[in-house]
>>> print(open('model_33.csv').read())   # CSV, C-alpha atoms and all ligand atoms
chain,number,residue,atom,x,y,z
B,1,MET,CA,-17.4,-12.7,-23.8
B,2,SER,CA,-14.0,-13.0,-22.2
B,3,ASN,CA,-13.6,-12.7,-18.4
B,4,SER,CA,-13.1,-9.2,-17.2
B,5,PHE,CA,-11.9,-7.7,-13.9
B,6,GLY,CA,-12.6,-4.1,-12.7
B,7,ILE,CA,-10.0,-3.1,-10.1
B,8,ASP,CA,-10.1,-0.2,-7.7
B,9,LEU,CA,-6.9,-0.1,-5.7
B,10,GLY,CA,-7.7,1.9,-2.6
B,11,THR,CA,-5.2,2.9,0.1
B,12,GLY,CA,-7.3,1.0,2.7
B,13,ASN,CA,-9.2,-1.5,0.6
B,14,ILE,CA,-8.9,-3.3,-2.7
B,15,LYS,CA,-12.1,-3.8,-4.6
B,16,ILE,CA,-12.3,-6.2,-7.5
B,17,TYR,CA,-15.3,-6.6,-9.8
B,18,TYR,CA,-15.3,-10.0,-11.5
B,19,SER,CA,-17.5,-10.3,-14.6
B,20,ALA,CA,-18.0,-14.1,-14.5
B,21,ASP,CA,-19.6,-14.0,-11.1
B,22,ASP,CA,-20.9,-10.4,-11.4
B,23,SER,CA,-19.6,-9.9,-7.9
B,24,ILE,CA,-17.4,-7.3,-6.1
B,25,LEU,CA,-14.7,-8.4,-3.6
B,26,ASN,CA,-13.8,-5.7,-1.0
B,27,GLU,CA,-10.9,-6.6,1.3
B,28,LYS,CA,-8.2,-4.7,3.2
B,29,ASN,CA,-5.4,-3.8,0.9
B,30,ILE,CA,-2.7,-5.1,3.2
B,31,ILE,CA,0.0,-7.8,3.3
B,32,ALA,CA,1.8,-9.7,6.0
B,33,ILE,CA,5.3,-10.9,5.3
B,34,LYS,CA,7.1,-13.4,7.5
B,35,ASN,CA,10.8,-13.4,8.0
B,36,LYS,CA,11.4,-10.7,5.4
B,37,ASP,CA,10.4,-12.7,2.3
B,38,THR,CA,7.6,-15.2,2.9
B,39,LEU,CA,4.0,-14.3,2.2
B,40,PHE,CA,2.1,-15.0,5.4
B,41,ALA,CA,-1.3,-13.4,4.8
B,42,TYR,CA,-3.1,-10.8,2.6
B,43,GLY,CA,-6.3,-8.9,2.7
B,44,ASP,CA,-8.7,-9.1,5.6
B,45,SER,CA,-6.8,-11.9,7.3
B,46,ALA,CA,-3.6,-9.9,7.3
B,47,PHE,CA,-5.5,-6.9,8.7
B,48,GLU,CA,-6.6,-9.1,11.6
B,49,MET,CA,-3.0,-9.3,12.7
B,50,TYR,CA,-2.3,-5.6,12.2
B,51,GLU,CA,-1.0,-3.9,15.4
B,52,LYS,CA,-0.9,-7.4,17.1
B,53,ALA,CA,1.8,-9.3,15.2
B,54,PRO,CA,5.2,-10.4,16.5
B,55,GLY,CA,8.4,-8.8,15.3
B,56,ASN,CA,9.2,-11.3,12.5
B,57,ILE,CA,5.9,-10.6,10.8
B,58,HIS,CA,5.8,-7.3,8.9
B,59,ILE,CA,2.4,-5.9,8.0
B,60,SER,CA,2.1,-3.1,5.5
B,61,TYR,CA,-0.1,-1.2,3.1
B,62,PRO,CA,1.2,-1.2,-0.5
B,63,LEU,CA,-0.4,2.1,-1.4
B,64,THR,CA,0.3,5.5,0.2
B,65,ASN,CA,-2.1,8.4,-0.3
B,66,GLY,CA,-3.8,6.8,-3.3
B,67,VAL,CA,-0.7,5.9,-5.2
B,68,ILE,CA,1.3,2.7,-5.4
B,69,ALA,CA,4.3,2.9,-3.0
B,70,ASP,CA,5.3,-0.8,-2.9
B,71,ILE,CA,5.0,-2.3,-6.3
B,72,LYS,CA,6.2,-5.8,-5.4
B,73,ASN,CA,3.8,-6.3,-2.5
B,74,MET,CA,0.9,-4.7,-4.5
B,75,GLN,CA,1.5,-7.2,-7.3
B,76,THR,CA,1.5,-10.1,-4.8
B,77,VAL,CA,-1.8,-9.0,-3.3
B,78,LEU,CA,-3.5,-8.5,-6.7
B,79,LYS,CA,-2.3,-11.8,-8.0
B,80,CYS,CA,-3.5,-13.7,-4.9
B,81,PHE,CA,-6.9,-12.2,-5.1
B,82,ILE,CA,-7.2,-12.8,-8.9
B,83,GLU,CA,-6.2,-16.4,-8.4
B,84,ASP,CA,-8.7,-16.8,-5.5
B,85,LEU,CA,-11.5,-15.4,-7.7
B,86,ALA,CA,-10.8,-17.1,-11.0
B,87,GLY,CA,-8.1,-19.7,-10.6
B,88,SER,CA,-7.0,-21.0,-14.0
B,89,LYS,CA,-9.7,-19.0,-15.8
B,90,ALA,CA,-7.9,-15.8,-15.0
B,91,ALA,CA,-5.5,-16.1,-17.9
B,92,GLY,CA,-6.3,-14.0,-20.9
B,93,ALA,CA,-8.8,-11.7,-19.0
B,94,ASP,CA,-9.4,-8.0,-19.6
B,95,TYR,CA,-8.5,-5.6,-16.9
B,96,TYR,CA,-10.2,-2.2,-16.2
B,97,ILE,CA,-8.3,-0.3,-13.5
B,98,SER,CA,-9.3,3.0,-12.0
B,99,VAL,CA,-6.7,5.7,-11.4
B,100,PRO,CA,-6.8,9.0,-9.5
B,101,THR,CA,-6.7,12.1,-11.8
B,102,ASP,CA,-4.7,14.6,-9.8
B,103,VAL,CA,-1.4,12.6,-9.7
B,104,THR,CA,1.6,12.6,-12.1
B,105,GLU,CA,1.6,10.7,-15.4
B,106,VAL,CA,4.3,8.3,-13.9
B,107,GLU,CA,2.0,7.5,-10.9
B,108,LYS,CA,-0.9,6.9,-13.3
B,109,ARG,CA,1.1,4.7,-15.5
B,110,SER,CA,2.3,2.6,-12.5
B,111,PHE,CA,-1.3,1.3,-12.1
B,112,PHE,CA,-1.2,0.1,-15.7
B,113,ASP,CA,2.3,-1.4,-15.3
B,114,LEU,CA,1.3,-3.1,-12.1
B,115,VAL,CA,-1.3,-5.2,-13.9
B,116,LYS,CA,1.0,-5.8,-16.9
B,117,ASP,CA,3.8,-7.1,-14.7
B,118,ALA,CA,1.8,-8.9,-11.9
B,119,GLY,CA,1.9,-12.2,-13.7
B,120,VAL,CA,-1.8,-12.4,-14.2
B,121,LYS,CA,-1.5,-12.8,-18.0
B,122,ALA,CA,-3.8,-9.9,-18.9
B,123,ARG,CA,-5.1,-9.8,-22.5
B,124,LYS,CA,-6.0,-6.1,-22.4
B,125,ILE,CA,-5.5,-3.4,-19.8
B,126,MET,CA,-7.6,-0.3,-19.8
B,127,VAL,CA,-7.6,2.7,-17.5
B,128,VAL,CA,-10.6,4.6,-16.2
B,129,GLU,CA,-10.4,7.9,-14.2
B,130,LYS,CA,-11.7,7.1,-10.7
B,131,ALA,CA,-14.1,10.0,-10.6
B,132,ILE,CA,-15.8,8.9,-13.8
B,133,ALA,CA,-16.1,5.3,-12.5
B,134,ASP,CA,-17.6,6.8,-9.3
B,135,GLY,CA,-20.2,8.7,-11.4
B,136,LEU,CA,-21.2,5.7,-13.3
B,137,GLY,CA,-21.3,3.6,-10.1
B,138,LEU,CA,-23.7,6.2,-8.7
B,139,ASP,CA,-26.0,5.8,-11.8
B,140,ILE,CA,-25.3,9.3,-13.0
B,141,ASP,CA,-25.6,9.9,-16.7
B,142,VAL,CA,-22.0,11.2,-16.8
B,143,LYS,CA,-21.9,11.3,-20.6
B,144,ASN,CA,-24.8,13.8,-20.9
B,145,SER,CA,-24.6,15.8,-17.7
B,146,GLN,CA,-22.9,19.2,-17.9
B,147,GLY,CA,-21.6,19.5,-14.4
B,148,VAL,CA,-21.4,16.8,-11.8
B,149,LEU,CA,-19.6,17.3,-8.5
B,150,VAL,CA,-18.3,14.0,-7.0
B,151,VAL,CA,-16.5,13.8,-3.7
B,152,ASP,CA,-15.0,10.4,-2.9
B,153,ILE,CA,-13.9,10.3,0.7
B,154,GLY,CA,-11.8,7.1,1.2
B,155,PHE,CA,-9.2,5.9,3.7
B,156,ALA,CA,-6.2,8.2,3.1
B,157,THR,CA,-7.5,10.5,0.4
B,158,THR,CA,-10.5,12.6,-0.7
B,159,GLU,CA,-10.9,13.2,-4.4
B,160,ILE,CA,-13.1,16.2,-5.4
B,161,SER,CA,-13.9,16.2,-9.1
B,162,ILE,CA,-16.2,18.1,-11.5
B,163,LEU,CA,-17.3,15.9,-14.4
B,164,SER,CA,-18.9,17.1,-17.6
B,165,LEU,CA,-20.0,15.3,-20.8
B,166,GLY,CA,-18.0,12.2,-19.9
B,167,GLY,CA,-14.7,13.9,-19.1
B,168,ILE,CA,-13.1,15.6,-16.0
B,169,VAL,CA,-13.1,19.3,-15.9
B,170,LEU,CA,-11.3,19.7,-12.5
B,171,SER,CA,-10.0,17.3,-9.9
B,172,LYS,CA,-8.2,17.7,-6.7
B,173,LEU,CA,-6.8,14.9,-4.5
B,174,ILE,CA,-6.3,15.9,-0.9
B,175,LYS,CA,-4.7,13.8,1.8
B,176,THR,CA,-7.5,13.3,4.2
B,177,GLY,CA,-10.0,10.5,4.8
B,178,GLY,CA,-11.1,7.8,7.3
B,179,GLN,CA,-7.5,7.2,8.5
B,180,LYS,CA,-7.2,10.9,9.5
B,181,PHE,CA,-10.6,10.7,11.2
B,182,ASP,CA,-9.4,7.7,13.3
B,183,GLU,CA,-6.1,9.5,14.2
B,184,ALA,CA,-8.1,12.6,15.3
B,185,ILE,CA,-10.2,10.4,17.6
B,186,ARG,CA,-7.1,8.8,19.1
B,187,ALA,CA,-5.4,12.1,19.7
B,188,ALA,CA,-8.5,13.6,21.4
B,189,VAL,CA,-8.9,10.6,23.7
B,190,ARG,CA,-5.3,10.7,24.6
B,191,LYS,CA,-5.5,14.4,25.4
B,192,GLU,CA,-8.7,14.4,27.3
B,193,PHE,CA,-8.4,11.1,29.1
B,194,ASN,CA,-4.7,10.3,29.1
B,195,LEU,CA,-5.7,7.1,27.3
B,196,MET,CA,-3.9,5.4,24.4
B,197,ILE,CA,-6.3,3.6,22.1
B,198,GLY,CA,-5.5,1.5,19.0
B,199,GLY,CA,-6.5,2.4,15.4
B,200,LYS,CA,-9.1,-0.3,15.2
B,201,THR,CA,-10.7,0.9,18.4
B,202,ALA,CA,-10.9,4.4,17.0
B,203,GLU,CA,-12.4,3.2,13.8
B,204,ALA,CA,-15.0,1.2,15.7
B,205,VAL,CA,-16.0,4.3,17.6
B,206,LYS,CA,-16.2,6.3,14.4
B,207,VAL,CA,-18.5,3.8,12.7
B,208,SER,CA,-20.8,3.4,15.7
B,209,LEU,CA,-21.1,7.2,16.4
B,210,LYS,CA,-24.5,7.7,14.8
B,211,GLU,CA,-26.1,4.8,16.6
B,212,LEU,CA,-24.6,5.9,19.9
B,213,GLU,CA,-25.7,9.4,19.4
B,214,ASP,CA,-29.3,8.4,18.5
B,215,GLU,CA,-29.4,6.3,21.7
B,216,GLY,CA,-27.7,9.0,23.8
B,217,LEU,CA,-24.9,6.7,24.8
B,218,PRO,CA,-21.1,7.3,25.2
B,219,ALA,CA,-18.6,5.1,23.4
B,220,VAL,CA,-17.0,2.5,25.6
B,221,VAL,CA,-13.3,1.9,24.8
B,222,TYR,CA,-10.4,-0.1,26.1
B,223,GLY,CA,-6.9,1.2,26.0
B,224,ARG,CA,-3.8,1.9,28.1
B,225,ASP,CA,-3.7,4.6,30.7
B,226,ILE,CA,-0.6,6.8,29.9
B,227,VAL,CA,0.0,7.6,33.5
B,228,THR,CA,-0.3,4.2,35.1
B,229,GLY,CA,0.5,2.1,32.1
B,230,LEU,CA,-2.3,-0.2,32.9
B,231,PRO,CA,-5.2,-1.4,30.6
B,232,VAL,CA,-8.5,0.4,31.4
B,233,GLU,CA,-12.0,0.8,30.2
B,234,ARG,CA,-13.4,4.3,29.6
B,235,GLU,CA,-16.5,6.0,28.5
B,236,ILE,CA,-15.9,8.6,25.8
B,237,PRO,CA,-18.7,11.2,25.1
B,238,THR,CA,-19.7,11.2,21.5
B,239,GLN,CA,-19.5,15.0,21.5
B,240,LEU,CA,-15.8,14.9,22.1
B,241,VAL,CA,-15.4,12.7,19.1
B,242,ASP,CA,-17.6,14.9,16.9
B,243,GLN,CA,-15.5,17.9,17.8
B,244,ALA,CA,-12.3,16.1,16.9
B,245,LEU,CA,-13.6,15.1,13.5
B,246,LYS,CA,-14.9,18.5,12.7
B,247,GLU,CA,-11.5,20.0,12.0
B,248,HIS,CA,-11.0,17.4,9.2
B,249,PHE,CA,-14.5,17.9,7.8
B,250,ASP,CA,-13.7,21.6,7.5
B,251,ILE,CA,-10.6,20.8,5.4
B,252,ILE,CA,-12.8,18.8,3.0
B,253,ILE,CA,-15.5,21.5,2.9
B,254,ASP,CA,-12.9,24.3,2.2
B,255,ASN,CA,-11.5,22.3,-0.6
B,256,ILE,CA,-14.9,21.6,-2.1
B,257,LYS,CA,-15.5,25.4,-2.1
B,258,VAL,CA,-12.2,26.1,-3.8
B,259,ILE,CA,-13.2,23.7,-6.6
B,260,LEU,CA,-16.6,25.3,-6.9
B,261,GLU,CA,-15.0,28.7,-7.1
B,262,ARG,CA,-12.8,27.5,-10.0
B,263,THR,CA,-15.7,25.8,-11.8
B,264,PRO,CA,-16.8,27.4,-15.1
B,265,PRO,CA,-20.1,29.2,-14.5
B,266,GLU,CA,-21.9,27.3,-17.3
B,267,LEU,CA,-21.6,24.1,-15.3
B,268,ALA,CA,-23.0,25.6,-12.1
B,269,ALA,CA,-26.6,25.1,-13.1
B,270,ASP,CA,-26.4,21.3,-13.2
B,271,ILE,CA,-24.3,21.2,-10.1
B,272,TYR,CA,-26.9,23.3,-8.3
B,273,ARG,CA,-29.8,21.2,-9.6
B,274,HIS,CA,-28.3,17.8,-8.7
B,275,GLY,CA,-26.3,18.7,-5.6
B,276,ILE,CA,-23.1,17.2,-4.5
B,277,TYR,CA,-22.5,13.4,-4.8
B,278,VAL,CA,-20.6,12.1,-1.8
B,279,THR,CA,-19.2,8.6,-2.0
B,280,GLY,CA,-16.2,6.5,-0.7
B,281,GLY,CA,-16.1,4.3,2.4
B,282,SER,CA,-16.1,7.4,4.7
B,283,ALA,CA,-19.1,9.0,3.0
B,284,ARG,CA,-21.3,8.0,5.9
B,285,THR,CA,-19.1,9.4,8.7
B,286,ASN,CA,-21.4,10.9,11.3
B,287,HIS,CA,-22.5,14.5,10.5
B,288,LEU,CA,-20.2,14.8,7.5
B,289,GLY,CA,-22.9,14.9,4.8
B,290,GLU,CA,-25.0,17.5,6.7
B,291,LEU,CA,-21.9,19.7,7.4
B,292,ILE,CA,-20.9,19.6,3.7
B,293,SER,CA,-24.4,20.7,2.8
B,294,ALA,CA,-24.4,23.5,5.4
B,295,GLY,CA,-21.0,24.7,4.3
B,296,THR,CA,-21.8,24.8,0.6
B,297,ASN,CA,-25.5,25.6,0.5
B,298,LEU,CA,-25.9,22.6,-1.8
B,299,LYS,CA,-28.0,19.4,-1.5
B,300,VAL,CA,-25.8,16.4,-0.6
B,301,ASN,CA,-26.5,12.9,-2.1
B,302,ILE,CA,-24.8,10.1,-0.2
B,303,ALA,CA,-24.2,7.1,-2.3
B,304,GLU,CA,-26.1,3.9,-1.4
B,305,ASN,CA,-23.0,1.8,-2.5
B,306,ALA,CA,-20.5,4.3,-1.1
B,307,ALA,CA,-17.9,1.7,-0.2
B,308,ASP,CA,-17.6,0.2,-3.7
B,309,SER,CA,-19.1,2.8,-6.1
B,310,VAL,CA,-15.8,2.9,-8.2
B,311,ALA,CA,-16.0,-0.9,-8.7
B,312,CYS,CA,-19.7,-0.6,-9.6
B,313,GLY,CA,-18.8,2.0,-12.2
B,314,LEU,CA,-16.1,-0.3,-13.6
B,315,ALA,CA,-18.7,-3.0,-13.9
B,316,ARG,CA,-20.8,-0.7,-16.0
B,317,VAL,CA,-17.9,0.0,-18.3
B,318,ILE,CA,-17.3,-3.7,-18.6
B,319,ASN,CA,-20.9,-4.7,-19.3
B,320,ASP,CA,-22.3,-1.7,-21.2
B,321,ASP,CA,-20.8,-0.9,-24.6
B,322,ASN,CA,-22.2,2.6,-24.3
B,323,TYR,CA,-19.6,3.4,-21.7
B,324,LYS,CA,-16.6,1.7,-23.2
B,325,SER,CA,-15.4,5.1,-24.5
B,326,VAL,CA,-14.5,6.3,-21.0
B,327,ALA,CA,-11.8,3.7,-20.7
B,328,TYR,CA,-8.4,4.3,-22.4
B,329,SER,CA,-5.2,2.5,-22.9
B,330,ILE,CA,-1.8,3.9,-21.9
B,331,GLN,CA,0.2,1.2,-23.7
B,332,GLY,CA,3.0,2.7,-25.6
B,333,MET,CA,2.8,6.1,-23.9
B,334,SER,CA,6.2,7.4,-23.1
B,335,LYS,CA,7.3,7.0,-19.5
X,1,LIG,N1,-20.0,3.2,8.3
X,1,LIG,C1,-18.9,3.9,8.2
X,1,LIG,N2,-18.8,5.1,8.8
X,1,LIG,C2,-17.7,5.8,8.7
X,1,LIG,N3,-16.6,5.4,8.0
X,1,LIG,C3,-16.6,4.2,7.4
X,1,LIG,C4,-17.8,3.4,7.5
X,1,LIG,N4,-17.5,2.2,6.8
X,1,LIG,C5,-16.2,2.4,6.4
X,1,LIG,N5,-15.7,3.5,6.8
X,1,LIG,C6,-14.3,4.0,6.5
X,1,LIG,O1,-14.1,4.0,5.1
X,1,LIG,C7,-12.7,4.0,4.9
X,1,LIG,C8,-12.4,3.1,3.7
X,1,LIG,O2,-13.0,3.7,2.6
X,1,LIG,P1,-12.6,3.2,1.1
X,1,LIG,O3,-12.6,1.8,0.9
X,1,LIG,O4,-13.4,4.1,0.2
X,1,LIG,O5,-11.0,3.8,1.0
X,1,LIG,P2,-9.9,3.4,0.0
X,1,LIG,O6,-10.5,3.4,-1.4
X,1,LIG,O7,-9.2,2.2,0.4
X,1,LIG,O8,-8.9,4.6,0.2
X,1,LIG,P3,-8.5,5.8,-0.8
X,1,LIG,O9,-9.6,6.1,-1.7
X,1,LIG,O10,-8.2,7.0,0.1
X,1,LIG,O11,-7.3,5.3,-1.5
X,1,LIG,C9,-12.0,3.5,6.2
X,1,LIG,O12,-11.3,4.6,6.8
X,1,LIG,C10,-13.2,3.1,7.1
X,1,LIG,O13,-13.0,3.4,8.4
X,2,MG,MG,-10.9,4.8,-2.9
>>> encode(input="model_33.csv", output="structure tokens")
Amino acid sequence: MSNSFGIDLGTGNIKIYYSADDSILNEKNIIAIKNKDTLFAYGDSAFEMYEKAPGNIHISYPLTNGVIADIKNMQTVLKCFIEDLAGSKAAGADYYISVPTDVTEVEKRSFFDLVKDAGVKARKIMVVEKAIADGLGLDIDVKNSQGVLVVDIGFATTEISILSLGGIVLSKLIKTGGQKFDEAIRAAVRKEFNLMIGGKTAEAVKVSLKELEDEGLPAVVYGRDIVTGLPVEREIPTQLVDQALKEHFDIIIDNIKVILERTPPELAADIYRHGIYVTGGSARTNHLGELISAGTNLKVNIAENAADSVACGLARVINDDNYKSVAYSIQGMSK
């Protein structure tokens, strides 16, 4: 069998399944460029420098809200990772790339063109709707189920989709996710404590919330006092953070309800029986799952492999001929 790659380009993280190693790489989808045109770092090592780099190093995310915004830099990042993974064996490989559903045809096609033009010498490029890959990655029998509700809560986006019999019935992409959660934490800390904290600090607070709450401890953060301008340490009650996040959770819950209202009633039985599948890196955000359940009166299943369920699904498409039919080609489709 030829080498295959399964690629999930996320706004925050790039995930690559590589068939020869049967492994999934998950790194920050970010690039650092020095003096305008020299590649300085990519992936996790570029993220290390984020918010800390000097003026001549420009660090950026090539995707915005789930779609490719900076083709050139996205190609560079992809090519670098493919070379790291496979070296000279990469030439002639097959690519399966996931795409969001609720975007324009041009935006969808740009994922295909990206691989075609990245200089990786692809033999074949196939596209898989992200929600279908999510379903497969969660071990759901997407081809035979009549009604599966998947909510993928990522970095910049949340994709709410209803799948049935291997296809997508409804899908809505909304612009909220982990990044908005981090911003909400920063804004609340600034308002309550006159304290500026960085994005990484806010993310660390968010990820440790459950543990802190279980132990009854506040979050300890370092930042800059707005009034004095000096660096300080502060204790932030977890309750304040929970409150700040709730507003964004409500947006997600309201949108899930809108999708449920528009779902054909014949699909409701399966959805009711199985409950909602919640995945994406932000699926485990403190209290989110239970609030979705309370808001919809449905059971919520949080994915074990939430951070890379799309890549796991692409792996199944690559390795199991039974699922090849969910992948399609957009070669030759008009622009
Ligand atoms: N344990 C955790 N608790 C809460 N959030 C988490 C946890 N682990 C990771 N995250 C969040 O998950 C987000 C990244 O998720 P993911 O990799 O699914 O996004 P993405 O696919 O890059 O983005 P998108 O799908 O929006 O394009 C980040 O905001 C990160 O803070
Ligand atoms: Mg994603």
>>> closest_residue(input="model_33.csv", among="B:Ala90, B:Ile318, B:Val221, B:Val106", to="Val205 of chain B", atoms="all atoms listed in the file")
B:Val221
>>> closest_atom_pairs(input="model_33.csv", of="chain B", to="ligand MG 2 (chain X)", cutoff="8 Å", atoms="only C-alpha atoms and all ligand atoms", output="JSON lines")
{"residue": "B:Asp8", "atom": "CA", "partner": "X:MG2", "partner_atom": "MG", "distance": 7.0}
{"residue": "B:Leu9", "atom": "CA", "partner": "X:MG2", "partner_atom": "MG", "distance": 6.9}
{"residue": "B:Gly10", "atom": "CA", "partner": "X:MG2", "partner_atom": "MG", "distance": 4.3}
{"residue": "B:Thr11", "atom": "CA", "partner": "X:MG2", "partner_atom": "MG", "distance": 6.7}
{"residue": "B:Gly12", "atom": "CA", "partner": "X:MG2", "partner_atom": "MG", "distance": 7.7}
{"residue": "B:Asn13", "atom": "CA", "partner": "X:MG2", "partner_atom": "MG", "distance": 7.4}
{"residue": "B:Gly66", "atom": "CA", "partner": "X:MG2", "partner_atom": "MG", "distance": 7.4}
{"residue": "B:Asp152", "atom": "CA", "partner": "X:MG2", "partner_atom": "MG", "distance": 6.9}
{"residue": "B:Ile153", "atom": "CA", "partner": "X:MG2", "partner_atom": "MG", "distance": 7.2}
{"residue": "B:Gly154", "atom": "CA", "partner": "X:MG2", "partner_atom": "MG", "distance": 4.8}
{"residue": "B:Phe155", "atom": "CA", "partner": "X:MG2", "partner_atom": "MG", "distance": 6.9}
{"residue": "B:Thr157", "atom": "CA", "partner": "X:MG2", "partner_atom": "MG", "distance": 7.4}
{"residue": "B:Gly280", "atom": "CA", "partner": "X:MG2", "partner_atom": "MG", "distance": 6.0}
{"residue": "B:Gly281", "atom": "CA", "partner": "X:MG2", "partner_atom": "MG", "distance": 7.4}
{"residue": "B:Val310", "atom": "CA", "partner": "X:MG2", "partner_atom": "MG", "distance": 7.5}
>>> residues_around(input="model_33.csv", residues="segment 38-52 of chain B", least_positions_apart="6", cutoff="12 Å", atoms="only C-alpha atoms", output="ChimeraX atom specification")
/B:12-15,25-32,58-62,72-81,84,197-201
>>> write_last_selection(input="model_33.csv", atoms="C-alpha atoms", output="PDB file, keeping the file's coordinate frame")
ATOM      1  CA  GLY B  12      -7.300   1.000   2.700  1.00  0.00           C
ATOM      2  CA  ASN B  13      -9.200  -1.500   0.600  1.00  0.00           C
ATOM      3  CA  ILE B  14      -8.900  -3.300  -2.700  1.00  0.00           C
ATOM      4  CA  LYS B  15     -12.100  -3.800  -4.600  1.00  0.00           C
ATOM      5  CA  LEU B  25     -14.700  -8.400  -3.600  1.00  0.00           C
ATOM      6  CA  ASN B  26     -13.800  -5.700  -1.000  1.00  0.00           C
ATOM      7  CA  GLU B  27     -10.900  -6.600   1.300  1.00  0.00           C
ATOM      8  CA  LYS B  28      -8.200  -4.700   3.200  1.00  0.00           C
ATOM      9  CA  ASN B  29      -5.400  -3.800   0.900  1.00  0.00           C
ATOM     10  CA  ILE B  30      -2.700  -5.100   3.200  1.00  0.00           C
ATOM     11  CA  ILE B  31       0.000  -7.800   3.300  1.00  0.00           C
ATOM     12  CA  ALA B  32       1.800  -9.700   6.000  1.00  0.00           C
ATOM     13  CA  HIS B  58       5.800  -7.300   8.900  1.00  0.00           C
ATOM     14  CA  ILE B  59       2.400  -5.900   8.000  1.00  0.00           C
ATOM     15  CA  SER B  60       2.100  -3.100   5.500  1.00  0.00           C
ATOM     16  CA  TYR B  61      -0.100  -1.200   3.100  1.00  0.00           C
ATOM     17  CA  PRO B  62       1.200  -1.200  -0.500  1.00  0.00           C
ATOM     18  CA  LYS B  72       6.200  -5.800  -5.400  1.00  0.00           C
ATOM     19  CA  ASN B  73       3.800  -6.300  -2.500  1.00  0.00           C
ATOM     20  CA  MET B  74       0.900  -4.700  -4.500  1.00  0.00           C
ATOM     21  CA  GLN B  75       1.500  -7.200  -7.300  1.00  0.00           C
ATOM     22  CA  THR B  76       1.500 -10.100  -4.800  1.00  0.00           C
ATOM     23  CA  VAL B  77      -1.800  -9.000  -3.300  1.00  0.00           C
ATOM     24  CA  LEU B  78      -3.500  -8.500  -6.700  1.00  0.00           C
ATOM     25  CA  LYS B  79      -2.300 -11.800  -8.000  1.00  0.00           C
ATOM     26  CA  CYS B  80      -3.500 -13.700  -4.900  1.00  0.00           C
ATOM     27  CA  PHE B  81      -6.900 -12.200  -5.100  1.00  0.00           C
ATOM     28  CA  ASP B  84      -8.700 -16.800  -5.500  1.00  0.00           C
ATOM     29  CA  ILE B 197      -6.300   3.600  22.100  1.00  0.00           C
ATOM     30  CA  GLY B 198      -5.500   1.500  19.000  1.00  0.00           C
ATOM     31  CA  GLY B 199      -6.500   2.400  15.400  1.00  0.00           C
ATOM     32  CA  LYS B 200      -9.100  -0.300  15.200  1.00  0.00           C
ATOM     33  CA  THR B 201     -10.700   0.900  18.400  1.00  0.00           C
TER      34      THR B 201
END
>>> atom_distance(input="model_33.csv", atom1="atom CA of Lys206 of chain B", atom2="atom CA of Ala69 of chain B")
27.1 Å
>>> closest_residue(input="model_33.csv", among="B:Arg273, B:His287, B:Lys36, B:Lys299", to="ligand LIG 1 (chain X)", atoms="all atoms listed in the file")
B:His287
>>> residues_around(input="model_33.csv", residues="Lys143 of chain B", least_positions_apart="3", cutoff="12 Å", atoms="only C-alpha atoms", output="MDAnalysis selection string")
chainID B and resid 132:133 135:136 139:140 146:148 163:168 322:326
>>> closest_residue(input="model_33.csv", among="B:Val258, B:Val232, B:Leu114, B:Ile174", to="ligand LIG 1 (chain X)", atoms="all atoms listed in the file")
B:Ile174
>>> atom_distance(input="model_33.csv", atom1="atom CA of Gly295 of chain B", atom2="atom CA of Thr263 of chain B")
17.0 Å
>>> residues_around(input="model_33.csv", residues="Leu260 of chain B", least_positions_apart="4", cutoff="9 Å", atoms="all atoms listed in the file", output="JSON list (two decimals) with C-alpha atoms, keeping the file's coordinate frame")
[["chain", "number", "residue", "atom", "x", "y", "z"],
["B", 149, "LEU", "CA", -19.60, 17.30, -8.50],
["B", 162, "ILE", "CA", -16.20, 18.10, -11.50],
["B", 255, "ASN", "CA", -11.50, 22.30, -0.60],
["B", 256, "ILE", "CA", -14.90, 21.60, -2.10],
["B", 264, "PRO", "CA", -16.80, 27.40, -15.10],
["B", 268, "ALA", "CA", -23.00, 25.60, -12.10]]
>>> atom_distance(input="model_33.csv", atom1="atom CA of Val67 of chain B", atom2="atom CA of Val127 of chain B")
14.5 Å
>>> residues_around(input="model_33.csv", residues="Leu314 of chain B", least_positions_apart="2", cutoff="12 Å", atoms="all atoms listed in the file", output="PyMOL selection string")
chain B and resi 4-8+15-19+22-24+94-99+126-139+308-312+316-321+323-324+326-327
>>> closest_residue(input="model_33.csv", among="B:Val115, B:Leu240, B:Ala91, B:Ala202", to="ligand LIG 1 (chain X)", atoms="only C-alpha atoms and all ligand atoms")
B:Ala202
>>> closest_residue(input="model_33.csv", among="B:Lys246, B:Lys210, B:Arg109, B:Arg234", to="Arg284 of chain B", atoms="only C-alpha atoms")
B:Lys210
>>> residues_around(input="model_33.csv", residues="Pro54 of chain B", least_positions_apart="6", cutoff="12 Å", atoms="all atoms listed in the file", output="mmCIF file with C-alpha atoms, in the coordinates of the input")
data_model
loop_
_atom_site.group_PDB
_atom_site.id
_atom_site.type_symbol
_atom_site.label_atom_id
_atom_site.label_comp_id
_atom_site.auth_asym_id
_atom_site.auth_seq_id
_atom_site.Cartn_x
_atom_site.Cartn_y
_atom_site.Cartn_z
ATOM 1 C CA ALA B 32 1.800 -9.700 6.000
ATOM 2 C CA ILE B 33 5.300 -10.900 5.300
ATOM 3 C CA LYS B 34 7.100 -13.400 7.500
ATOM 4 C CA ASN B 35 10.800 -13.400 8.000
#
>>> closest_residue(input="model_33.csv", among="B:Asp242, B:Glu159, B:Glu235, B:Glu266", to="ligand LIG 1 (chain X)", atoms="all atoms listed in the file")
B:Glu159
>>> residues_near_point(input="model_33.csv", point="(-5.3, 16.3, -10.5)", cutoff="9 Å", atoms="all atoms listed in the file", output="list in words")
Pro100, Thr101, Asp102, Val103, Thr104, Glu159, Ser161, Leu170, Ser171, Lys172 and Leu173 of chain B
